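So the structure is just underneath, and the comments pick up after that.
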Amino acid sequence: MSHYRTFTAHDAVAYAQQFGGLADPASLVEAQEVGDGNLNLVFKIFDTQGVSRIIVKQALPYVRCVGESWPLTLDRARLEAQTLVEHYKHCPQHTVKIHHYDAELAVMVMEDLSSHRIWRGELISGVYYPQAASQLGEYLAQTLFHTSDFYLHPHEKKAQVARFINPEMCEITEDLFFNDPYQIHERNNYPAELEPEVAALRDDAQLKTAVAALKQRFFSHAEALLHGDIHSGSIFVADGSLKAIDAEFGYFGPVGFDVGTAIGNLLLNYCGLPGQLGIREAASGRDQRLADIVELWNTFAERFQWLAREKTRDAALAFPGYASEFLKKVWADAIGFAGTELIRRSVGLSHVADIDTIQDKEMKLSCLRHAIELGKALIVLAPRIDSADELVARVRQYG
C-alpha cells in the first residue's frame, strides 16, 4: 500500500480532526493508545476538557507479539470497516458506528464507547446486564438475516460474497479453530499438566471427523455476512445497551458460526467462574450464563423467523416452515462451533481472561479440563442436542 505508515498519537489526533465528523474538530487535542496493540493500534482521542470523543484504529501489517514472521493483510481494515458499516445498516442500535475509513492507510475513525464496558470483563467480575443476551440475539438475527439469501437478491448476494472474500483472516480461523488443537503445533499453548487431555484430542477419531465436517462447512457455506469473531471481548455493554466491535474476520460463512462463537464464549465464562468468584457467586453466575444462552438463542431464532415471514424476498425460501427447518441446521452447527471455541481457547494460541486470569493453579487446570471435556462433548453430540434446554442439561451433566 503506497502511502501506508504507522500512526503516532499526533497522527491520530490530526486524522480524527479531519475525519471524525465533529462540529468542533479543533477541540480534539490528545490521543492515548489503548488495547494490547498486537494486531491494531487503537487511539482514544480526547478534547480540551479531557473527554474521549472519538476512536482511531489502524491495522498493523503483522502480529506484533510474534513479529514479521507472521504477516497480516492490511486489507482486513477495509473488510472490518465495511462489515461494520453493513451491519450498522441493518442493526444500528447494536453495532459501533464507523465515521470514516481509508483502505490504503488501513485506518478507520469510529464512535467512542467510553460510556460502555467490555462484556468479558463484566462477566468475569460478576456484573450482570439483564438485556445483553437478548440484544446480542437481536444483533445476530438482524445482521445475519439481512445479508442472507432470504433477503438479498441472488445477484447482489453473489457480488457481496466476492466483495467480502477474506482469505488471510479466514485461514487464521481455520488453523486456530479446526487444525492446531488437534495436532502437535508450535502455536498451541497450554500447561504441561494438560498433555494427557490434549493428546486425547489428537487421538480421538470420532471427534476429529466431526471437526472436519465443521471446517468443511466453514469453508463452503457462504450463508450470510458474519462478524467472524463475535466473542464477549468484542462486545461493549452498558445499562440497556450493547454494541459489537472488531469485525476484521468478517466474511460470508455459515450462520451457525457467529451464533456458536457467542454461545461458546458464554460457556467459557461458565467454566471459569469457579476460579473467579466465591462459591455462591460462582454458582449464581453459572446459572445466569445458561439462562443467557437460552435467551440469546430464543431471541435470535424468534427474530430470524419473524424477519423470514415478513421480509423474505425469494419465493422458495418464503415457503411456510422452511425458515424453521433452516434454523434446525443453524442450531446444530452452532453447538459444534461452540465446542471448537471452547477447545481452541483452552489449548490453542489465543486464550480468554475468563480462565487465563485465575490465580489458583489447580483451579485453573480444573477449569481448563472442564472446558476441553465440554467442548469435545458438544462437537460430537451436536446432532443430538435438539434444543437450548437440552443444551443446558448437557452442560450441567459435564459439571
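Just remember, in the C-alpha cells the first chain shown is A, the second B, etc., residues are 1-based per chain, and ligands are 1-based in the order shown.
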
Go through range 284-310 of chain A and flag each residue having an atom no more than 12 Å from range 146-153 of chain A; for those, report the closest pair of atoms plus their distance in Å to one decimal, using only C-alpha atoms, ordered by chain and rising number, as a tab-separated table.
```
residue	atom	partner	partner_atom	distance
A:Arg303	CA	A:His146	CA	11.7
A:Phe304	CA	A:His146	CA	9.5
A:Gln305	CA	A:Phe150	CA	10.6
A:Trp306	CA	A:Phe150	CA	11.9
A:Leu307	CA	A:His146	CA	8.7
A:Ala308	CA	A:Phe150	CA	6.8
A:Arg309	CA	A:Phe150	CA	9.9
A:Glu310	CA	A:Tyr151	CA	10.2
```

Residues just named, written with C-alpha atoms as a PDB file, in the first residue's frame:
```
ATOM      1  CA  ARG A 303     -36.493 -12.696  15.423  1.00  0.00           C
ATOM      2  CA  PHE A 304     -34.991 -14.567  12.454  1.00  0.00           C
ATOM      3  CA  GLN A 305     -38.269 -16.385  11.865  1.00  0.00           C
ATOM      4  CA  TRP A 306     -40.250 -13.149  12.179  1.00  0.00           C
ATOM      5  CA  LEU A 307     -37.950 -11.474   9.654  1.00  0.00           C
ATOM      6  CA  ALA A 308     -38.271 -14.509   7.381  1.00  0.00           C
ATOM      7  CA  ARG A 309     -42.078 -14.288   7.469  1.00  0.00           C
ATOM      8  CA  GLU A 310     -42.173 -10.544   6.892  1.00  0.00           C
TER       9      GLU A 310
END
```

Just the residues within 12 Å of Gln82 in chain A, please, counting only C-alpha atoms, with nothing from its chain fewer than 2 positions along; format it as a compact mmCIF listing (two decimals) with N, CA and C atoms, in the first residue's frame.
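The result, written out as part-v6.txt:
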```
# COMPACT_ATOMS: atom_id res chain seq x y z
N ASP A 75 -5.62 -5.35 4.27
CA ASP A 75 -6.98 -5.28 3.72
C ASP A 75 -8.03 -5.64 4.76
N ARG A 76 -7.61 -6.23 5.86
CA ARG A 76 -8.57 -6.57 6.90
C ARG A 76 -9.23 -5.33 7.48
N ALA A 77 -8.53 -4.17 7.43
CA ALA A 77 -9.14 -2.93 7.92
C ALA A 77 -10.33 -2.54 7.05
N ARG A 78 -10.17 -2.69 5.73
CA ARG A 78 -11.31 -2.42 4.83
C ARG A 78 -12.45 -3.38 5.12
N LEU A 79 -12.12 -4.65 5.26
CA LEU A 79 -13.15 -5.65 5.50
C LEU A 79 -13.85 -5.42 6.83
N GLU A 80 -13.08 -5.06 7.85
CA GLU A 80 -13.70 -4.77 9.14
C GLU A 80 -14.64 -3.58 9.04
N LEU A 84 -18.75 -3.72 9.44
CA LEU A 84 -19.45 -2.94 10.46
C LEU A 84 -20.42 -1.94 9.84
N VAL A 85 -20.04 -1.35 8.72
CA VAL A 85 -20.96 -0.45 8.01
C VAL A 85 -22.20 -1.22 7.57
N GLU A 86 -21.99 -2.40 7.00
CA GLU A 86 -23.13 -3.22 6.55
C GLU A 86 -24.00 -3.64 7.73
N HIS A 87 -23.37 -4.07 8.81
CA HIS A 87 -24.14 -4.48 9.98
C HIS A 87 -24.87 -3.29 10.61
N TYR A 88 -24.22 -2.13 10.62
CA TYR A 88 -24.87 -0.93 11.17
C TYR A 88 -26.12 -0.57 10.37
N LYS A 89 -26.06 -0.80 9.07
CA LYS A 89 -27.20 -0.52 8.21
C LYS A 89 -28.44 -1.30 8.66
N VAL A 96 -21.23 -0.70 16.43
CA VAL A 96 -20.46 0.54 16.53
C VAL A 96 -20.53 1.29 15.20
N LYS A 97 -20.61 2.61 15.27
CA LYS A 97 -20.73 3.41 14.05
C LYS A 97 -19.35 3.77 13.51
N ILE A 98 -19.14 3.53 12.21
CA ILE A 98 -17.90 3.91 11.53
C ILE A 98 -18.13 5.25 10.84
N HIS A 99 -17.33 6.24 11.21
CA HIS A 99 -17.46 7.57 10.60
C HIS A 99 -16.67 7.69 9.29
N HIS A 100 -15.54 6.97 9.20
CA HIS A 100 -14.67 7.11 8.02
C HIS A 100 -13.66 5.97 8.04
N TYR A 101 -13.26 5.50 6.85
CA TYR A 101 -12.13 4.58 6.78
C TYR A 101 -11.34 4.82 5.50
N ASP A 102 -10.06 4.49 5.58
CA ASP A 102 -9.13 4.66 4.47
C ASP A 102 -8.44 3.33 4.24
N ALA A 103 -8.70 2.72 3.08
CA ALA A 103 -8.17 1.39 2.80
C ALA A 103 -6.65 1.39 2.70
N MET A 108 -9.45 3.50 10.43
CA MET A 108 -10.85 3.90 10.49
C MET A 108 -11.07 4.80 11.70
N GLN A 160 -21.78 -9.52 -3.14
CA GLN A 160 -21.35 -9.26 -1.77
C GLN A 160 -20.36 -10.34 -1.31
N ARG A 163 -17.11 -9.40 -2.69
CA ARG A 163 -16.59 -8.19 -2.05
C ARG A 163 -15.96 -8.48 -0.69
N PHE A 164 -16.53 -9.47 0.01
CA PHE A 164 -16.07 -9.75 1.37
C PHE A 164 -15.19 -10.99 1.47
N ILE A 165 -14.59 -11.40 0.37
CA ILE A 165 -13.63 -12.50 0.45
C ILE A 165 -12.49 -12.07 1.37
N ASN A 166 -12.16 -12.92 2.34
CA ASN A 166 -11.19 -12.56 3.38
C ASN A 166 -10.27 -13.74 3.66
N LEU A 225 -23.22 -12.61 5.92
CA LEU A 225 -22.02 -11.84 6.27
C LEU A 225 -21.81 -11.93 7.77
N LEU A 226 -20.84 -12.74 8.17
CA LEU A 226 -20.54 -12.95 9.58
C LEU A 226 -19.73 -11.80 10.16
N HIS A 227 -19.88 -11.58 11.45
CA HIS A 227 -18.90 -10.79 12.20
C HIS A 227 -17.58 -11.53 12.18
N ASP A 246 -14.92 -4.70 16.36
CA ASP A 246 -13.84 -5.62 15.95
C ASP A 246 -14.29 -6.73 15.00
N ALA A 247 -14.66 -6.34 13.78
CA ALA A 247 -15.16 -7.33 12.81
C ALA A 247 -14.15 -7.62 11.71
N GLU A 248 -12.85 -7.66 12.03
CA GLU A 248 -11.85 -7.84 10.98
C GLU A 248 -11.83 -9.24 10.40
N PHE A 249 -12.53 -10.18 11.03
CA PHE A 249 -12.67 -11.53 10.48
C PHE A 249 -13.95 -11.66 9.66
N GLY A 250 -14.62 -10.54 9.36
CA GLY A 250 -15.88 -10.58 8.64
C GLY A 250 -15.76 -11.23 7.27
N TYR A 251 -16.69 -12.11 6.95
CA TYR A 251 -16.76 -12.75 5.62
C TYR A 251 -18.09 -13.50 5.54
```

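As for CA of Phe219 in chain A and CA of Ala200 in chain A, they are spaced 25.6 Å apart.
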
Inset, instruction - Rank A:Ile245, A:Ala334, A:Ile263, A:Ala382 by their smallest atom-to-atom distance to Asp292 in chain A, using only C-alpha atoms, and report the top residue only. - result: A:Ile263

Legend entry - Contacts of Glu33 in chain A at 7 Å (only C-alpha atoms; same-chain gap of 3+ positions) as a ChimeraX atom specification: /A:41-44

Those residues you just picked out, can you put them in a file as a PDB file, in the first residue's frame with N, CA, C and O atoms?
```
ATOM      1  N   LEU A  41      -3.413  -0.719  16.186  1.00  0.00           N
ATOM      2  CA  LEU A  41      -3.239   0.430  17.059  1.00  0.00           C
ATOM      3  C   LEU A  41      -4.613   1.049  17.272  1.00  0.00           C
ATOM      4  O   LEU A  41      -5.339   1.299  16.309  1.00  0.00           O
ATOM      5  N   VAL A  42      -4.980   1.278  18.521  1.00  0.00           N
ATOM      6  CA  VAL A  42      -6.266   1.883  18.841  1.00  0.00           C
ATOM      7  C   VAL A  42      -6.007   3.102  19.726  1.00  0.00           C
ATOM      8  O   VAL A  42      -5.388   2.982  20.788  1.00  0.00           O
ATOM      9  N   PHE A  43      -6.477   4.264  19.268  1.00  0.00           N
ATOM     10  CA  PHE A  43      -6.269   5.513  19.985  1.00  0.00           C
ATOM     11  C   PHE A  43      -7.610   6.094  20.416  1.00  0.00           C
ATOM     12  O   PHE A  43      -8.535   6.212  19.601  1.00  0.00           O
ATOM     13  N   LYS A  44      -7.694   6.474  21.683  1.00  0.00           N
ATOM     14  CA  LYS A  44      -8.783   7.333  22.137  1.00  0.00           C
ATOM     15  C   LYS A  44      -8.349   8.780  21.909  1.00  0.00           C
ATOM     16  O   LYS A  44      -7.229   9.154  22.261  1.00  0.00           O
TER      17      LYS A  44
END
```

Inset, instruction - Check the smallest atom-to-atom distance from each of A:Gln142, A:Thr6, A:Gln131, A:Asn188 to Leu105 in chain A using only C-alpha atoms, then report the winner. - result: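 Counting only C-alpha atoms, the residue closest to Leu105 in chain A is A:Thr6.
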
Inset, instruction - Please give the complete set of residues from range 82-326 of chain A that DSSP, run on the backbone, assigns to helix (DSSP H, G or I), formatted as an NGL selection string. - result: :A and (82-90 or 92-94 or 119-125 or 132-146 or 154-163 or 167-182 or 192-203 or 205-220 or 232-234 or 255-276 or 279-311 or 322-326)

Legend entry - strand (DSSP E) per DSSP on the backbone: members of range 26-221 of chain A, as a ChimeraX atom specification: /A:28-34,40-47,52-59,62-63,67-71,98-102,107-111,117-118

Inset, instruction - Find the residues around Leu39 in chain A up to 10 Å (only C-alpha atoms counted), leave out those fewer than 6 positions away in its own chain, and share them as a ChimeraX atom specification. - result: /A:58-65,72

Keeping only all heavy atoms, write the selected residues as a PDB file, in the first residue's frame.
```pdb
ATOM      1  N   GLN A  58      -6.016   1.616  13.629  1.00  0.00           N
ATOM      2  CA  GLN A  58      -5.207   1.303  12.449  1.00  0.00           C
ATOM      3  C   GLN A  58      -4.692  -0.127  12.526  1.00  0.00           C
ATOM      4  O   GLN A  58      -4.180  -0.565  13.566  1.00  0.00           O
ATOM      5  CB  GLN A  58      -4.018   2.260  12.330  1.00  0.00           C
ATOM      6  CG  GLN A  58      -3.202   2.030  11.057  1.00  0.00           C
ATOM      7  CD  GLN A  58      -1.982   2.930  10.960  1.00  0.00           C
ATOM      8  OE1 GLN A  58      -1.306   3.179  11.953  1.00  0.00           O
ATOM      9  NE2 GLN A  58      -1.706   3.432   9.762  1.00  0.00           N
ATOM     10  N   ALA A  59      -4.824  -0.857  11.425  1.00  0.00           N
ATOM     11  CA  ALA A  59      -4.322  -2.224  11.362  1.00  0.00           C
ATOM     12  C   ALA A  59      -2.799  -2.215  11.212  1.00  0.00           C
ATOM     13  O   ALA A  59      -2.238  -1.407  10.475  1.00  0.00           O
ATOM     14  CB  ALA A  59      -4.953  -2.970  10.189  1.00  0.00           C
ATOM     15  N   LEU A  60      -2.139  -3.139  11.910  1.00  0.00           N
ATOM     16  CA  LEU A  60      -0.698  -3.352  11.753  1.00  0.00           C
ATOM     17  C   LEU A  60      -0.459  -4.449  10.715  1.00  0.00           C
ATOM     18  O   LEU A  60      -1.287  -5.348  10.553  1.00  0.00           O
ATOM     19  CB  LEU A  60      -0.073  -3.748  13.087  1.00  0.00           C
ATOM     20  CG  LEU A  60      -0.083  -2.670  14.174  1.00  0.00           C
ATOM     21  CD1 LEU A  60       0.345  -3.267  15.516  1.00  0.00           C
ATOM     22  CD2 LEU A  60       0.826  -1.517  13.793  1.00  0.00           C
ATOM     23  N   PRO A  61       0.683  -4.405  10.021  1.00  0.00           N
ATOM     24  CA  PRO A  61       0.914  -5.373   8.940  1.00  0.00           C
ATOM     25  C   PRO A  61       1.407  -6.742   9.402  1.00  0.00           C
ATOM     26  O   PRO A  61       1.691  -7.605   8.588  1.00  0.00           O
ATOM     27  CB  PRO A  61       1.971  -4.676   8.071  1.00  0.00           C
ATOM     28  CG  PRO A  61       2.710  -3.794   9.028  1.00  0.00           C
ATOM     29  CD  PRO A  61       1.703  -3.342  10.046  1.00  0.00           C
ATOM     30  N   TYR A  62       1.518  -6.948  10.711  1.00  0.00           N
ATOM     31  CA  TYR A  62       1.928  -8.246  11.236  1.00  0.00           C
ATOM     32  C   TYR A  62       1.505  -8.338  12.697  1.00  0.00           C
ATOM     33  O   TYR A  62       1.086  -7.351  13.307  1.00  0.00           O
ATOM     34  CB  TYR A  62       3.446  -8.449  11.120  1.00  0.00           C
ATOM     35  CG  TYR A  62       4.270  -7.344  11.739  1.00  0.00           C
ATOM     36  CD1 TYR A  62       4.566  -7.324  13.098  1.00  0.00           C
ATOM     37  CD2 TYR A  62       4.750  -6.299  10.952  1.00  0.00           C
ATOM     38  CE1 TYR A  62       5.305  -6.294  13.662  1.00  0.00           C
ATOM     39  CE2 TYR A  62       5.501  -5.269  11.508  1.00  0.00           C
ATOM     40  CZ  TYR A  62       5.769  -5.281  12.868  1.00  0.00           C
ATOM     41  OH  TYR A  62       6.496  -4.269  13.417  1.00  0.00           O
ATOM     42  N   VAL A  63       1.582  -9.548  13.259  1.00  0.00           N
ATOM     43  CA  VAL A  63       1.270  -9.751  14.670  1.00  0.00           C
ATOM     44  C   VAL A  63       2.466  -9.298  15.484  1.00  0.00           C
ATOM     45  O   VAL A  63       3.538  -9.905  15.423  1.00  0.00           O
ATOM     46  CB  VAL A  63       0.939 -11.236  14.953  1.00  0.00           C
ATOM     47  CG1 VAL A  63       0.605 -11.439  16.432  1.00  0.00           C
ATOM     48  CG2 VAL A  63      -0.222 -11.701  14.085  1.00  0.00           C
ATOM     49  N   ARG A  64       2.292  -8.222  16.238  1.00  0.00           N
ATOM     50  CA  ARG A  64       3.426  -7.606  16.927  1.00  0.00           C
ATOM     51  C   ARG A  64       4.091  -8.556  17.923  1.00  0.00           C
ATOM     52  O   ARG A  64       5.318  -8.594  18.038  1.00  0.00           O
ATOM     53  CB  ARG A  64       2.970  -6.339  17.649  1.00  0.00           C
ATOM     54  CG  ARG A  64       4.112  -5.572  18.310  1.00  0.00           C
ATOM     55  CD  ARG A  64       3.593  -4.409  19.138  1.00  0.00           C
ATOM     56  NE  ARG A  64       3.122  -3.312  18.326  1.00  0.00           N
ATOM     57  CZ  ARG A  64       2.605  -2.195  18.840  1.00  0.00           C
ATOM     58  NH1 ARG A  64       2.489  -2.063  20.144  1.00  0.00           N
ATOM     59  NH2 ARG A  64       2.206  -1.231  18.046  1.00  0.00           N
ATOM     60  N   CYS A  65       3.295  -9.359  18.646  1.00  0.00           N
ATOM     61  CA  CYS A  65       3.881 -10.238  19.668  1.00  0.00           C
ATOM     62  C   CYS A  65       4.678 -11.386  19.056  1.00  0.00           C
ATOM     63  O   CYS A  65       5.494 -12.009  19.739  1.00  0.00           O
ATOM     64  CB  CYS A  65       2.793 -10.780  20.596  1.00  0.00           C
ATOM     65  SG  CYS A  65       1.614 -11.897  19.802  1.00  0.00           S
ATOM     66  N   LEU A  72       0.251  -9.995   8.394  1.00  0.00           N
ATOM     67  CA  LEU A  72      -1.200  -9.930   8.279  1.00  0.00           C
ATOM     68  C   LEU A  72      -1.570  -8.952   7.176  1.00  0.00           C
ATOM     69  O   LEU A  72      -0.917  -7.920   7.003  1.00  0.00           O
ATOM     70  CB  LEU A  72      -1.837  -9.457   9.596  1.00  0.00           C
ATOM     71  CG  LEU A  72      -1.835 -10.427  10.772  1.00  0.00           C
ATOM     72  CD1 LEU A  72      -2.408  -9.741  12.006  1.00  0.00           C
ATOM     73  CD2 LEU A  72      -2.637 -11.680  10.451  1.00  0.00           C
TER      74      LEU A  72
END
```

Inset, instruction - Can you work out which one of A:Phe145, A:Ala332, A:Gln288, A:Ala16 has the shortest atom-to-atom distance to Lys157 in chain A, counting only C-alpha atoms? - result: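 Checking each candidate against Lys157 in chain A, we get A:Phe145 as the closest.
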
Legend entry - Residues near range 204-216 of chain A, cut-off 10 Å, only C-alpha atoms, skip fewer than 3 positions along chain, as a list in words: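 That gives Thr173, Glu174, Asp175, Phe177, Phe178, Asn179, Tyr182, Ala199, Ala200, Leu201, Phe219, Ser220, His221, Pro254, Phe257, Asp333, Ala334, Gly336, Phe337, Gly339, Thr340, Lys376, Ala377, Leu378, Ile379, Val380, Leu381 and Ala382 of chain A.
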
Inset, instruction - Would you mind listing what lies within 8 Å of range 361-367 of chain A as a PyMOL selection string, with only C-alpha atoms counted and same-chain residues fewer than 5 positions away left out? - result: chain A and resi 191+193-194+271-272+274-275+355-356

Can I get the selection written as a CSV table (one decimal), in the first residue's frame, with C-alpha atoms?
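So the final result, stored in part_14.csv, reads:
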```
chain,number,residue,atom,x,y,z
A,191,PRO,CA,0.1,-26.1,30.7
A,193,GLU,CA,-0.2,-30.9,33.1
A,194,LEU,CA,-2.9,-30.9,30.4
A,271,CYS,CA,-16.3,-22.9,33.0
A,272,GLY,CA,-14.1,-20.2,34.5
A,274,PRO,CA,-15.5,-21.1,40.0
A,275,GLY,CA,-11.9,-19.8,39.8
A,355,ILE,CA,-9.9,-18.7,32.7
A,356,ASP,CA,-6.4,-17.3,32.0
```

Inset, instruction - Work out how far CA of Phe7 in chain A is from CA of Val51 in chain A, in Å to one decimal. - result: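 Here the two named atoms are 21.2 Å from each other.
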
Inset, instruction - Figure out the distance between CA of Ile343 in chain A and CA of Ala371 in chain A, please, to one decimal in Å. - result: 6.7 Å
